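Structure file model.csv with CSV, C-alpha atoms:
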chain,number,residue,atom,x,y,z
O,1,MET,CA,196.1,-38.8,-34.5
O,2,PRO,CA,195.3,-35.2,-35.5
O,3,THR,CA,195.7,-34.3,-39.1
O,4,HIS,CA,198.4,-31.7,-38.2
O,5,TYR,CA,200.9,-34.5,-37.3
O,6,TYR,CA,200.5,-36.1,-40.7
O,7,LEU,CA,200.8,-32.8,-42.6
O,8,THR,CA,204.0,-32.0,-40.7
O,9,LEU,CA,205.4,-35.4,-41.5
O,10,SER,CA,204.5,-34.8,-45.2
O,11,PHE,CA,206.2,-31.4,-45.1
O,12,VAL,CA,209.4,-32.8,-43.5
O,13,LEU,CA,209.5,-35.6,-46.1
O,14,PHE,CA,209.0,-33.1,-48.9
O,15,LEU,CA,211.8,-30.9,-47.5
O,16,VAL,CA,214.2,-33.9,-47.4
O,17,GLY,CA,213.3,-34.9,-50.9
O,18,THR,CA,213.8,-31.3,-52.2
O,19,GLY,CA,217.1,-31.1,-50.4
O,20,GLY,CA,218.2,-34.2,-52.2
O,21,VAL,CA,217.0,-33.0,-55.6
O,22,LEU,CA,218.7,-29.6,-55.2
O,23,LEU,CA,222.0,-30.6,-53.5
O,24,ARG,CA,222.9,-34.0,-54.9
O,25,ARG,CA,224.6,-34.4,-58.3
O,26,ASN,CA,224.2,-38.1,-58.9
O,27,ALA,CA,221.2,-38.3,-61.2
O,28,ILE,CA,219.9,-41.6,-59.7
O,29,ILE,CA,219.8,-40.0,-56.2
O,30,VAL,CA,218.0,-37.0,-57.7
O,31,LEU,CA,215.3,-39.3,-59.1
O,32,MET,CA,214.9,-40.9,-55.7
O,33,GLY,CA,214.4,-37.4,-54.2
O,34,ILE,CA,211.7,-36.8,-56.8
O,35,GLU,CA,210.0,-40.0,-55.6
O,36,LEU,CA,210.2,-38.8,-52.0
O,37,GLN,CA,208.5,-35.5,-53.0
O,38,LEU,CA,205.7,-37.4,-54.8
O,39,ASN,CA,205.2,-39.6,-51.8
O,40,ALA,CA,205.0,-36.5,-49.5
O,41,GLY,CA,202.3,-35.1,-51.7
O,42,ASN,CA,200.5,-38.5,-51.5
O,43,LEU,CA,200.7,-38.4,-47.7
O,44,ALA,CA,199.2,-34.9,-47.6
O,45,LEU,CA,196.4,-36.0,-49.9
O,46,LEU,CA,195.6,-39.1,-47.8
O,47,ALA,CA,195.7,-37.1,-44.6
O,48,TYR,CA,193.2,-34.5,-45.9
O,49,SER,CA,191.1,-37.3,-47.3
O,50,ARG,CA,190.9,-38.9,-43.9
O,51,ALA,CA,190.2,-35.5,-42.2
O,52,LEU,CA,187.4,-34.6,-44.5
O,53,GLY,CA,186.0,-38.2,-44.8
O,54,ASP,CA,186.1,-38.0,-48.6
O,55,GLU,CA,187.7,-40.7,-50.7
O,56,LYS,CA,188.5,-38.6,-53.7
O,57,GLY,CA,192.0,-38.0,-52.3
O,58,HIS,CA,192.7,-41.7,-52.6
O,59,VAL,CA,191.9,-41.6,-56.3
O,60,PHE,CA,194.3,-38.7,-56.7
O,61,ALA,CA,197.0,-40.5,-54.8
O,62,PHE,CA,196.4,-43.6,-57.0
O,63,ILE,CA,196.9,-41.4,-60.1
O,64,ILE,CA,200.1,-39.9,-58.6
O,65,ILE,CA,201.5,-43.4,-58.0
O,66,ALA,CA,200.9,-44.3,-61.6
O,67,LEU,CA,202.5,-41.1,-62.7
O,68,ALA,CA,205.5,-41.8,-60.5
O,69,ALA,CA,205.9,-45.2,-62.1
O,70,ALA,CA,205.8,-43.6,-65.6
O,71,GLU,CA,208.2,-40.9,-64.5
O,72,ALA,CA,210.7,-43.5,-63.0
O,73,ALA,CA,210.6,-45.5,-66.2
O,74,VAL,CA,211.2,-42.6,-68.6
O,75,GLY,CA,213.7,-40.9,-66.2
O,76,LEU,CA,215.8,-44.1,-65.8
O,77,ALA,CA,215.7,-44.7,-69.5
O,78,ILE,CA,217.1,-41.1,-70.0
O,79,LEU,CA,219.8,-41.9,-67.5
O,80,VAL,CA,220.8,-45.0,-69.4
O,81,GLY,CA,220.9,-43.0,-72.6
O,82,LEU,CA,223.0,-40.3,-70.9
O,83,PHE,CA,225.4,-42.8,-69.6
O,84,ARG,CA,225.8,-44.4,-73.0
O,85,SER,CA,226.7,-41.2,-74.7
O,86,ARG,CA,228.9,-39.6,-71.9
O,87,GLN,CA,229.9,-42.3,-69.4
O,88,THR,CA,228.7,-40.3,-66.5
O,89,VAL,CA,225.5,-39.7,-64.4
O,90,ASN,CA,226.8,-36.5,-62.9
O,91,LEU,CA,224.3,-33.7,-63.6
O,92,ASP,CA,226.9,-31.0,-63.7
O,93,GLU,CA,228.7,-32.7,-66.6
O,94,ALA,CA,225.5,-33.1,-68.5
O,95,SER,CA,224.6,-29.4,-69.0
O,96,LEU,CA,224.8,-29.4,-72.8
O,97,MET,CA,222.3,-30.9,-75.1
O,98,LYS,CA,224.8,-31.8,-77.8
O,99,ARG,CA,227.8,-34.0,-77.2
W,1,MET,CA,188.7,-37.6,-28.7
W,2,GLU,CA,192.3,-38.1,-27.8
W,3,ALA,CA,194.4,-40.6,-29.6
W,4,SER,CA,195.3,-43.7,-27.6
W,5,LEU,CA,198.8,-44.4,-26.4
W,6,GLY,CA,199.2,-47.2,-28.9
W,7,GLN,CA,198.2,-44.9,-31.8
W,8,GLN,CA,200.6,-42.2,-30.7
W,9,LEU,CA,203.5,-44.7,-30.2
W,10,THR,CA,202.8,-46.2,-33.7
W,11,PHE,CA,202.7,-42.8,-35.3
W,12,TRP,CA,205.9,-41.6,-33.7
W,13,VAL,CA,207.9,-44.8,-34.5
W,14,LEU,CA,206.7,-44.7,-38.1
W,15,ALA,CA,207.3,-41.0,-38.5
W,16,ALA,CA,210.9,-41.4,-37.2
W,17,TRP,CA,211.4,-44.4,-39.5
W,18,VAL,CA,210.1,-42.4,-42.6
W,19,VAL,CA,212.1,-39.3,-41.9
W,20,GLY,CA,215.3,-41.2,-40.9
W,21,GLY,CA,215.1,-43.4,-43.9
W,22,ALA,CA,214.6,-40.5,-46.2
W,23,LEU,CA,217.6,-38.6,-44.7
W,24,PHE,CA,219.7,-41.8,-44.9
W,25,THR,CA,218.7,-42.2,-48.6
W,26,MET,CA,219.5,-38.7,-49.5
W,27,THR,CA,222.9,-38.7,-47.8
W,28,ARG,CA,224.3,-42.0,-49.1
W,29,ARG,CA,227.3,-41.9,-51.4
W,30,ASN,CA,226.7,-45.5,-52.7
W,31,PRO,CA,223.5,-45.6,-54.8
W,32,VAL,CA,222.8,-49.3,-53.9
W,33,THR,CA,222.6,-48.4,-50.2
W,34,ALA,CA,220.4,-45.5,-51.0
W,35,VAL,CA,217.9,-47.7,-53.0
W,36,MET,CA,217.7,-50.2,-50.2
W,37,SER,CA,217.0,-47.6,-47.5
W,38,LEU,CA,214.4,-46.0,-49.9
W,39,VAL,CA,212.6,-49.4,-50.0
W,40,GLY,CA,212.5,-49.4,-46.2
W,41,THR,CA,211.2,-45.8,-46.2
W,42,PHE,CA,208.4,-46.8,-48.6
W,43,PHE,CA,207.4,-49.8,-46.4
W,44,ALA,CA,207.1,-47.4,-43.4
W,45,LEU,CA,205.2,-45.0,-45.5
W,46,ALA,CA,202.8,-47.7,-46.5
W,47,ALA,CA,202.2,-48.4,-42.8
W,48,VAL,CA,201.5,-44.6,-42.3
W,49,TYR,CA,198.9,-44.9,-45.2
W,50,ALA,CA,197.3,-47.8,-43.4
W,51,SER,CA,197.1,-45.8,-40.2
W,52,LEU,CA,195.1,-43.2,-42.2
W,53,SER,CA,192.7,-46.1,-43.1
W,54,ALA,CA,193.9,-46.0,-46.7
W,55,HIS,CA,194.3,-49.8,-47.0
W,56,PHE,CA,194.1,-50.0,-50.8
W,57,LEU,CA,196.8,-47.3,-51.2
W,58,ALA,CA,199.0,-48.9,-48.6
W,59,VAL,CA,199.0,-52.2,-50.5
W,60,LEU,CA,199.5,-50.3,-53.8
W,61,GLN,CA,202.4,-48.4,-52.3
W,62,ILE,CA,204.2,-51.7,-51.5
W,63,LEU,CA,203.3,-53.3,-54.8
W,64,VAL,CA,204.2,-50.4,-57.1
W,65,TYR,CA,207.0,-48.7,-55.2
W,66,ALA,CA,208.8,-51.3,-53.2
W,67,GLY,CA,208.1,-53.9,-55.9
W,68,ALA,CA,208.2,-52.4,-59.4
W,69,ILE,CA,209.9,-49.0,-59.2
W,70,MET,CA,212.7,-50.0,-56.8
W,71,VAL,CA,213.5,-53.1,-59.0
W,72,LEU,CA,213.9,-50.7,-61.9
W,73,PHE,CA,216.1,-48.4,-59.8
W,74,ILE,CA,218.3,-51.4,-58.8
W,75,PHE,CA,218.7,-52.5,-62.4
W,76,VAL,CA,219.8,-49.0,-63.5
W,77,VAL,CA,222.1,-48.6,-60.5
W,78,MET,CA,223.8,-51.9,-61.4
W,79,ILE,CA,224.1,-50.9,-65.1
W,80,LEU,CA,225.8,-47.6,-64.2
W,81,ASN,CA,227.3,-47.8,-60.8
W,82,ARG,CA,229.6,-44.9,-60.5
W,83,GLU,CA,230.4,-43.3,-57.2
W,84,GLU,CA,230.4,-39.6,-57.4
W,85,VAL,CA,233.4,-37.5,-56.6
W,86,THR,CA,231.6,-34.5,-55.3
W,87,PRO,CA,228.3,-35.7,-53.7
W,88,VAL,CA,227.0,-32.3,-52.7
W,89,THR,CA,227.3,-29.0,-54.4
W,90,ALA,CA,225.9,-25.6,-53.6
W,91,ARG,CA,227.9,-23.1,-55.5
W,92,GLY,CA,227.6,-19.3,-55.3
W,93,LEU,CA,226.3,-16.9,-52.8
W,94,ILE,CA,223.2,-16.1,-54.9
W,95,THR,CA,222.3,-19.7,-55.2
W,96,ARG,CA,222.5,-20.3,-51.4
W,97,ALA,CA,220.6,-17.1,-50.6
W,98,LEU,CA,217.9,-18.1,-53.0
W,99,GLY,CA,217.7,-21.5,-51.4
W,100,VAL,CA,217.4,-20.1,-47.9
W,101,PHE,CA,214.7,-17.7,-49.1
W,102,ALA,CA,212.8,-20.5,-50.8
W,103,GLY,CA,213.0,-22.6,-47.7
W,104,VAL,CA,211.7,-19.9,-45.4
W,105,TYR,CA,208.9,-19.0,-47.8
W,106,LEU,CA,207.9,-22.7,-48.1
W,107,THR,CA,207.8,-23.0,-44.3
W,108,ARG,CA,205.7,-19.9,-44.0
W,109,VAL,CA,203.2,-21.2,-46.6
W,110,PHE,CA,203.1,-24.6,-44.8
W,111,VAL,CA,202.4,-23.0,-41.4
W,112,ARG,CA,199.6,-20.9,-42.8
W,113,VAL,CA,198.0,-23.9,-44.6
W,114,VAL,CA,198.2,-26.1,-41.4
W,115,VAL,CA,196.7,-23.3,-39.2
W,116,ASP,CA,193.8,-22.9,-41.7
W,117,SER,CA,193.2,-26.6,-42.2
W,118,PRO,CA,190.4,-28.3,-40.3
W,119,GLY,CA,192.6,-30.8,-38.5
W,120,SER,CA,193.6,-29.7,-35.1
W,121,GLY,CA,191.4,-32.2,-33.4
W,122,ALA,CA,191.1,-35.9,-34.0
W,123,PRO,CA,189.7,-36.7,-37.5
W,124,PRO,CA,186.0,-37.7,-37.7
W,125,ARG,CA,185.0,-41.4,-37.5
W,126,VAL,CA,184.7,-43.0,-40.9
W,127,PRO,CA,182.8,-46.1,-42.0
W,128,ASP,CA,184.6,-49.4,-42.1
W,129,SER,CA,184.5,-49.4,-45.9
W,130,PHE,CA,186.6,-46.2,-46.1
W,131,GLY,CA,189.6,-46.7,-48.3
W,132,THR,CA,188.9,-50.3,-49.2
W,133,VAL,CA,189.4,-51.7,-52.7
W,134,ALA,CA,185.6,-51.8,-53.2
W,135,ALA,CA,185.1,-48.1,-52.3
W,136,ILE,CA,188.0,-46.8,-54.4
W,137,GLY,CA,187.0,-49.0,-57.3
W,138,GLN,CA,183.5,-47.6,-57.2
W,139,LEU,CA,184.9,-44.1,-57.4
W,140,LEU,CA,187.5,-45.0,-60.1
W,141,PHE,CA,185.1,-46.7,-62.5
W,142,ARG,CA,182.2,-44.3,-62.1
W,143,GLU,CA,183.3,-40.8,-61.3
W,144,PHE,CA,186.9,-40.9,-62.4
W,145,LEU,CA,186.6,-43.2,-65.4
W,146,TYR,CA,188.3,-40.9,-67.9
W,147,PRO,CA,191.3,-40.1,-65.7
W,148,PHE,CA,191.6,-43.8,-65.1
W,149,GLU,CA,191.8,-44.5,-68.8
W,150,ALA,CA,194.2,-41.5,-69.3
W,151,ILE,CA,196.5,-43.3,-66.8
W,152,SER,CA,196.6,-46.4,-69.0
W,153,LEU,CA,197.4,-44.2,-72.0
W,154,LEU,CA,200.2,-42.5,-70.0
W,155,LEU,CA,201.7,-45.8,-69.0
W,156,LEU,CA,201.6,-47.0,-72.6
W,157,VAL,CA,203.4,-43.8,-73.7
W,158,ALA,CA,205.9,-44.2,-70.9
W,159,ILE,CA,206.7,-47.8,-71.9
W,160,VAL,CA,207.2,-47.0,-75.6
W,161,GLY,CA,209.2,-43.9,-74.6
W,162,GLY,CA,211.4,-45.8,-72.3
W,163,VAL,CA,212.2,-48.5,-74.8
W,164,VAL,CA,212.9,-45.9,-77.6
W,165,ILE,CA,215.1,-43.7,-75.4
W,166,SER,CA,217.2,-46.4,-73.8
W,167,ARG,CA,217.6,-48.5,-77.0
W,168,SER,CA,221.2,-48.9,-78.2
W,169,HIS,CA,221.9,-47.1,-81.5
W,170,GLN,CA,224.9,-49.3,-82.5
W,171,LYS,CA,222.9,-51.5,-84.8
W,172,GLU,CA,221.3,-48.6,-86.6
W,173,VAL,CA,224.7,-47.0,-87.2
W,174,ALA,CA,226.0,-50.3,-88.5
W,175,ALA,CA,223.0,-50.6,-90.8
W,176,GLU,CA,223.5,-47.1,-92.1
W,177,ILE,CA,227.1,-47.7,-92.9
W,178,ALA,CA,226.2,-51.0,-94.7
W,179,ALA,CA,223.5,-49.3,-96.7
W,180,GLU,CA,226.0,-46.6,-97.8
W,181,ARG,CA,228.5,-49.3,-98.9
W,182,ARG,CA,225.8,-51.2,-100.8
W,183,LYS,CA,224.8,-48.0,-102.6
W,184,ALA,CA,228.4,-47.2,-103.5
W,185,ILE,CA,228.9,-50.7,-104.9
W,186,GLU,CA,225.7,-50.4,-106.9
W,187,GLU,CA,226.8,-47.1,-108.4
W,188,MET,CA,230.2,-48.6,-109.3
W,189,ALA,CA,228.5,-51.6,-111.0
W,190,HIS,CA,226.3,-49.3,-113.1
W,191,ALA,CA,229.0,-46.8,-113.9
W,192,PRO,CA,230.1,-46.9,-117.5
W,193,TYR,CA,233.8,-47.6,-117.9
W,194,PRO,CA,235.9,-48.3,-120.9
W,195,ALA,CA,236.1,-52.0,-121.3
W,196,PRO,CA,239.1,-53.7,-122.9
W,197,ALA,CA,238.5,-54.3,-126.6
W,198,ASP,CA,239.3,-58.0,-126.5
W,199,ALA,CA,236.9,-58.6,-123.6
W,200,LEU,CA,234.1,-57.1,-125.7
W,201,ALA,CA,235.0,-59.3,-128.6
W,202,GLU,CA,234.9,-62.4,-126.4
W,203,ALA,CA,231.5,-61.6,-125.1
W,204,ALA,CA,230.2,-61.1,-128.6
W,205,ALA,CA,231.7,-64.4,-129.7
W,206,ALA,CA,230.0,-66.5,-127.0
W,207,PRO,CA,226.4,-65.0,-126.5
W,208,GLY,CA,224.2,-66.2,-123.7
W,209,HIS,CA,226.8,-67.8,-121.5
W,210,GLN,CA,228.2,-65.1,-119.2
W,211,ALA,CA,226.4,-61.9,-120.1
W,212,GLY,CA,222.9,-63.4,-120.0
W,213,GLY,CA,222.6,-63.8,-116.2
W,214,HIS,CA,223.7,-60.3,-115.1
W,215,HIS,CA,221.1,-57.9,-116.6
Just give me the structure of the file as structure tokens.
Amino acid sequence: MPTHYYLTLSFVLFLVGTGGVLLRRNAIIVLMGIELQLNAGNLALLAYSRALGDEKGHVFAFIIIALAAAEAAVGLAILVGLFRSRQTVNLDEASLMKR
Amino acid sequence: MEASLGQQLTFWVLAAWVVGGALFTMTRRNPVTAVMSLVGTFFALAAVYASLSAHFLAVLQILVYAGAIMVLFIFVVMILNREEVTPVTARGLITRALGVFAGVYLTRVFVRVVVDSPGSGAPPRVPDSFGTVAAIGQLLFREFLYPFEAISLLLLVAIVGGVVISRSHQKEVAAEIAAERRKAIEEMAHAPYPAPADALAEAAAAPGHQAGGHH
């Protein structure tokens, strides 16, 4: 398949993820939207890597997957801490740094 | 070189699966349903990676995303499963106008990038070793050794940070209160206070029995 198709798929996936991050208020769903965005970036990297016949894009995608794992671990830990202190995961109610 | 019918069919099915799964994930009210549909989306995405002959990344996607990250998500969802009252908010005219403007701008940038990119035809043929574990490993351990080591450092920091942030502080608070109490008792014990005269006389009469063990 031509690279354009994969790039378009990556763009649509990124848009869906961004919409979730911007519109949803449940912090868990927002984290899932960030994962979708990272995956859209990975897809674009791999599509270009295939189009150019260069494997460096695969290395970048590998690093991004590790980064996503670290982000998910710390982000979910923050959510657990937030829930302990305020009994909510609604982002609108967590706008202050102090309790 | 035109893509074969099988390739086209595979791509369209997978693309519909990915986009549909992502939309389904982002619109669910129940977080458990969202996580499950995200797992399905990631499986389809791994298949898309494989169709780009990125075999190593496809396996890694399933192992890391569908395996590790999603299990983490499910644990957290089950710890704090609260359904939200207002699932979607977009308040204010300015916010919406900015959103529309950003969307239009992003689409314009995307169209320009795709038009300029070298990919309107079929991608060039690549050797069979393209995207295998051996090929990526050669790159990772030769050219990208320092970034690779930096990843391990990042993951270590993430582990320690996750543990520290999500730790319960109840024990520490209890320990602080206990320490304060001990200190207060200590101060009271060492504070000079007027003793009754007969108690002093008794201690002087019987030396070494009671007073010896305390100080």
Considering only C-alpha atoms, return as a JSON list (two decimals) with C-alpha atoms, keeping the file's coordinate frame whatever protein or nucleic-acid residues lie within 12 Å of W:Thr10, sequence-local ones (same chain, fewer than 4 positions apart) excluded.
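So the final result, stored in result29.json, reads:
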[["chain", "number", "residue", "atom", "x", "y", "z"],
["O", 1, "MET", "CA", 196.10, -38.80, -34.50],
["W", 3, "ALA", "CA", 194.40, -40.60, -29.60],
["W", 4, "SER", "CA", 195.30, -43.70, -27.60],
["W", 5, "LEU", "CA", 198.80, -44.40, -26.40],
["W", 6, "GLY", "CA", 199.20, -47.20, -28.90],
["W", 14, "LEU", "CA", 206.70, -44.70, -38.10],
["W", 15, "ALA", "CA", 207.30, -41.00, -38.50],
["W", 16, "ALA", "CA", 210.90, -41.40, -37.20],
["W", 17, "TRP", "CA", 211.40, -44.40, -39.50],
["W", 44, "ALA", "CA", 207.10, -47.40, -43.40],
["W", 47, "ALA", "CA", 202.20, -48.40, -42.80],
["W", 48, "VAL", "CA", 201.50, -44.60, -42.30],
["W", 50, "ALA", "CA", 197.30, -47.80, -43.40],
["W", 51, "SER", "CA", 197.10, -45.80, -40.20],
["W", 52, "LEU", "CA", 195.10, -43.20, -42.20]]
Write out as JSON, numbers by chain which residues come within 9 Å of O:Ala77 when counting only C-alpha atoms, dropping same-chain ones fewer than 4 positions away.
{"O": [72, 73, 81, 82], "W": [76, 161, 162, 163, 164, 165, 166, 167]}
One decimal, Å: what's the distance from atom CA of O:Ile29 over to atom CA of W:Leu38, could you say?
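For atom CA of O:Ile29 relative to atom CA of W:Leu38, the distance reads 10.2 Å.
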Chain O proximity check over W:Glu187, W:Glu180, W:Glu172, W:Glu143, using all atoms listed in the file: winner is W:Glu143
Provide as a list in words the residues of chain O at most 6 Å from chain W, counting only C-alpha atoms.
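My answer is Met1, Pro2, Thr3, His4, Gly20, Leu23, Arg24, Ala51, Ala70, Val74, Ala77, Val80 and Gly81 of chain O.
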Could I see stretch 91-101 of chain W restored to all heavy atoms, set down as an mmCIF file, in the frame of the given file?
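Output below, filename rebuild29.cif:
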data_model
loop_
_atom_site.group_PDB
_atom_site.id
_atom_site.type_symbol
_atom_site.label_atom_id
_atom_site.label_comp_id
_atom_site.auth_asym_id
_atom_site.auth_seq_id
_atom_site.Cartn_x
_atom_site.Cartn_y
_atom_site.Cartn_z
ATOM 1 N N ARG W 91 226.894 -24.073 -55.104
ATOM 2 C CA ARG W 91 227.900 -23.100 -55.500
ATOM 3 C C ARG W 91 227.272 -21.698 -55.510
ATOM 4 O O ARG W 91 226.129 -21.551 -55.927
ATOM 5 C CB ARG W 91 228.524 -23.430 -56.794
ATOM 6 C CG ARG W 91 229.379 -24.673 -56.727
ATOM 7 C CD ARG W 91 229.543 -25.209 -58.093
ATOM 8 N NE ARG W 91 228.243 -25.363 -58.737
ATOM 9 C CZ ARG W 91 228.084 -25.683 -59.993
ATOM 10 N NH1 ARG W 91 229.109 -25.849 -60.753
ATOM 11 N NH2 ARG W 91 226.875 -25.847 -60.482
ATOM 12 N N GLY W 92 228.049 -20.703 -55.119
ATOM 13 C CA GLY W 92 227.600 -19.300 -55.300
ATOM 14 C C GLY W 92 226.796 -18.779 -54.195
ATOM 15 O O GLY W 92 225.928 -19.460 -53.648
ATOM 16 N N LEU W 93 227.053 -17.547 -53.863
ATOM 17 C CA LEU W 93 226.300 -16.900 -52.800
ATOM 18 C C LEU W 93 224.860 -16.709 -53.161
ATOM 19 O O LEU W 93 223.949 -16.916 -52.349
ATOM 20 C CB LEU W 93 226.990 -15.552 -52.482
ATOM 21 C CG LEU W 93 226.613 -14.926 -51.137
ATOM 22 C CD1 LEU W 93 227.099 -15.829 -50.018
ATOM 23 C CD2 LEU W 93 227.257 -13.553 -51.009
ATOM 24 N N ILE W 94 224.612 -16.345 -54.438
ATOM 25 C CA ILE W 94 223.200 -16.100 -54.900
ATOM 26 C C ILE W 94 222.405 -17.332 -54.794
ATOM 27 O O ILE W 94 221.264 -17.313 -54.321
ATOM 28 C CB ILE W 94 223.262 -15.506 -56.310
ATOM 29 C CG1 ILE W 94 224.034 -14.189 -56.333
ATOM 30 C CG2 ILE W 94 221.846 -15.291 -56.808
ATOM 31 C CD1 ILE W 94 224.241 -13.629 -57.703
ATOM 32 N N THR W 95 222.991 -18.465 -55.230
ATOM 33 C CA THR W 95 222.300 -19.700 -55.200
ATOM 34 C C THR W 95 221.855 -20.072 -53.757
ATOM 35 O O THR W 95 220.718 -20.431 -53.479
ATOM 36 C CB THR W 95 223.132 -20.846 -55.756
ATOM 37 O OG1 THR W 95 223.813 -20.358 -56.899
ATOM 38 C CG2 THR W 95 222.304 -22.039 -56.105
ATOM 39 N N ARG W 96 222.810 -19.918 -52.831
ATOM 40 C CA ARG W 96 222.500 -20.300 -51.400
ATOM 41 C C ARG W 96 221.467 -19.330 -50.855
ATOM 42 O O ARG W 96 220.533 -19.764 -50.165
ATOM 43 C CB ARG W 96 223.781 -20.177 -50.612
ATOM 44 C CG ARG W 96 224.731 -21.296 -50.940
ATOM 45 C CD ARG W 96 225.946 -21.237 -50.080
ATOM 46 N NE ARG W 96 227.060 -21.909 -50.741
ATOM 47 C CZ ARG W 96 228.204 -22.172 -50.150
ATOM 48 N NH1 ARG W 96 228.386 -21.812 -48.909
ATOM 49 N NH2 ARG W 96 229.146 -22.783 -50.796
ATOM 50 N N ALA W 97 221.598 -18.025 -51.164
ATOM 51 C CA ALA W 97 220.600 -17.100 -50.600
ATOM 52 C C ALA W 97 219.221 -17.396 -51.148
ATOM 53 O O ALA W 97 218.241 -17.382 -50.395
ATOM 54 C CB ALA W 97 221.018 -15.648 -51.019
ATOM 55 N N LEU W 98 219.151 -17.733 -52.464
ATOM 56 C CA LEU W 98 217.900 -18.100 -53.000
ATOM 57 C C LEU W 98 217.296 -19.340 -52.347
ATOM 58 O O LEU W 98 216.092 -19.417 -52.054
ATOM 59 C CB LEU W 98 218.002 -18.368 -54.535
ATOM 60 C CG LEU W 98 217.812 -17.174 -55.463
ATOM 61 C CD1 LEU W 98 218.038 -17.604 -56.901
ATOM 62 C CD2 LEU W 98 216.419 -16.609 -55.303
ATOM 63 N N GLY W 99 218.184 -20.313 -52.061
ATOM 64 C CA GLY W 99 217.700 -21.500 -51.400
ATOM 65 C C GLY W 99 217.163 -21.266 -50.034
ATOM 66 O O GLY W 99 216.090 -21.758 -49.683
ATOM 67 N N VAL W 100 217.881 -20.451 -49.266
ATOM 68 C CA VAL W 100 217.400 -20.100 -47.900
ATOM 69 C C VAL W 100 216.063 -19.383 -48.004
ATOM 70 O O VAL W 100 215.110 -19.693 -47.275
ATOM 71 C CB VAL W 100 218.460 -19.265 -47.180
ATOM 72 C CG1 VAL W 100 217.876 -18.707 -45.898
ATOM 73 C CG2 VAL W 100 219.686 -20.095 -46.886
ATOM 74 N N PHE W 101 215.978 -18.438 -48.943
ATOM 75 C CA PHE W 101 214.700 -17.700 -49.100
ATOM 76 C C PHE W 101 213.576 -18.615 -49.450
ATOM 77 O O PHE W 101 212.483 -18.533 -48.870
ATOM 78 C CB PHE W 101 214.908 -16.622 -50.178
ATOM 79 C CG PHE W 101 213.646 -15.894 -50.497
ATOM 80 C CD1 PHE W 101 213.135 -14.954 -49.622
ATOM 81 C CD2 PHE W 101 212.958 -16.167 -51.667
ATOM 82 C CE1 PHE W 101 211.959 -14.291 -49.910
ATOM 83 C CE2 PHE W 101 211.786 -15.508 -51.961
ATOM 84 C CZ PHE W 101 211.287 -14.570 -51.075
#
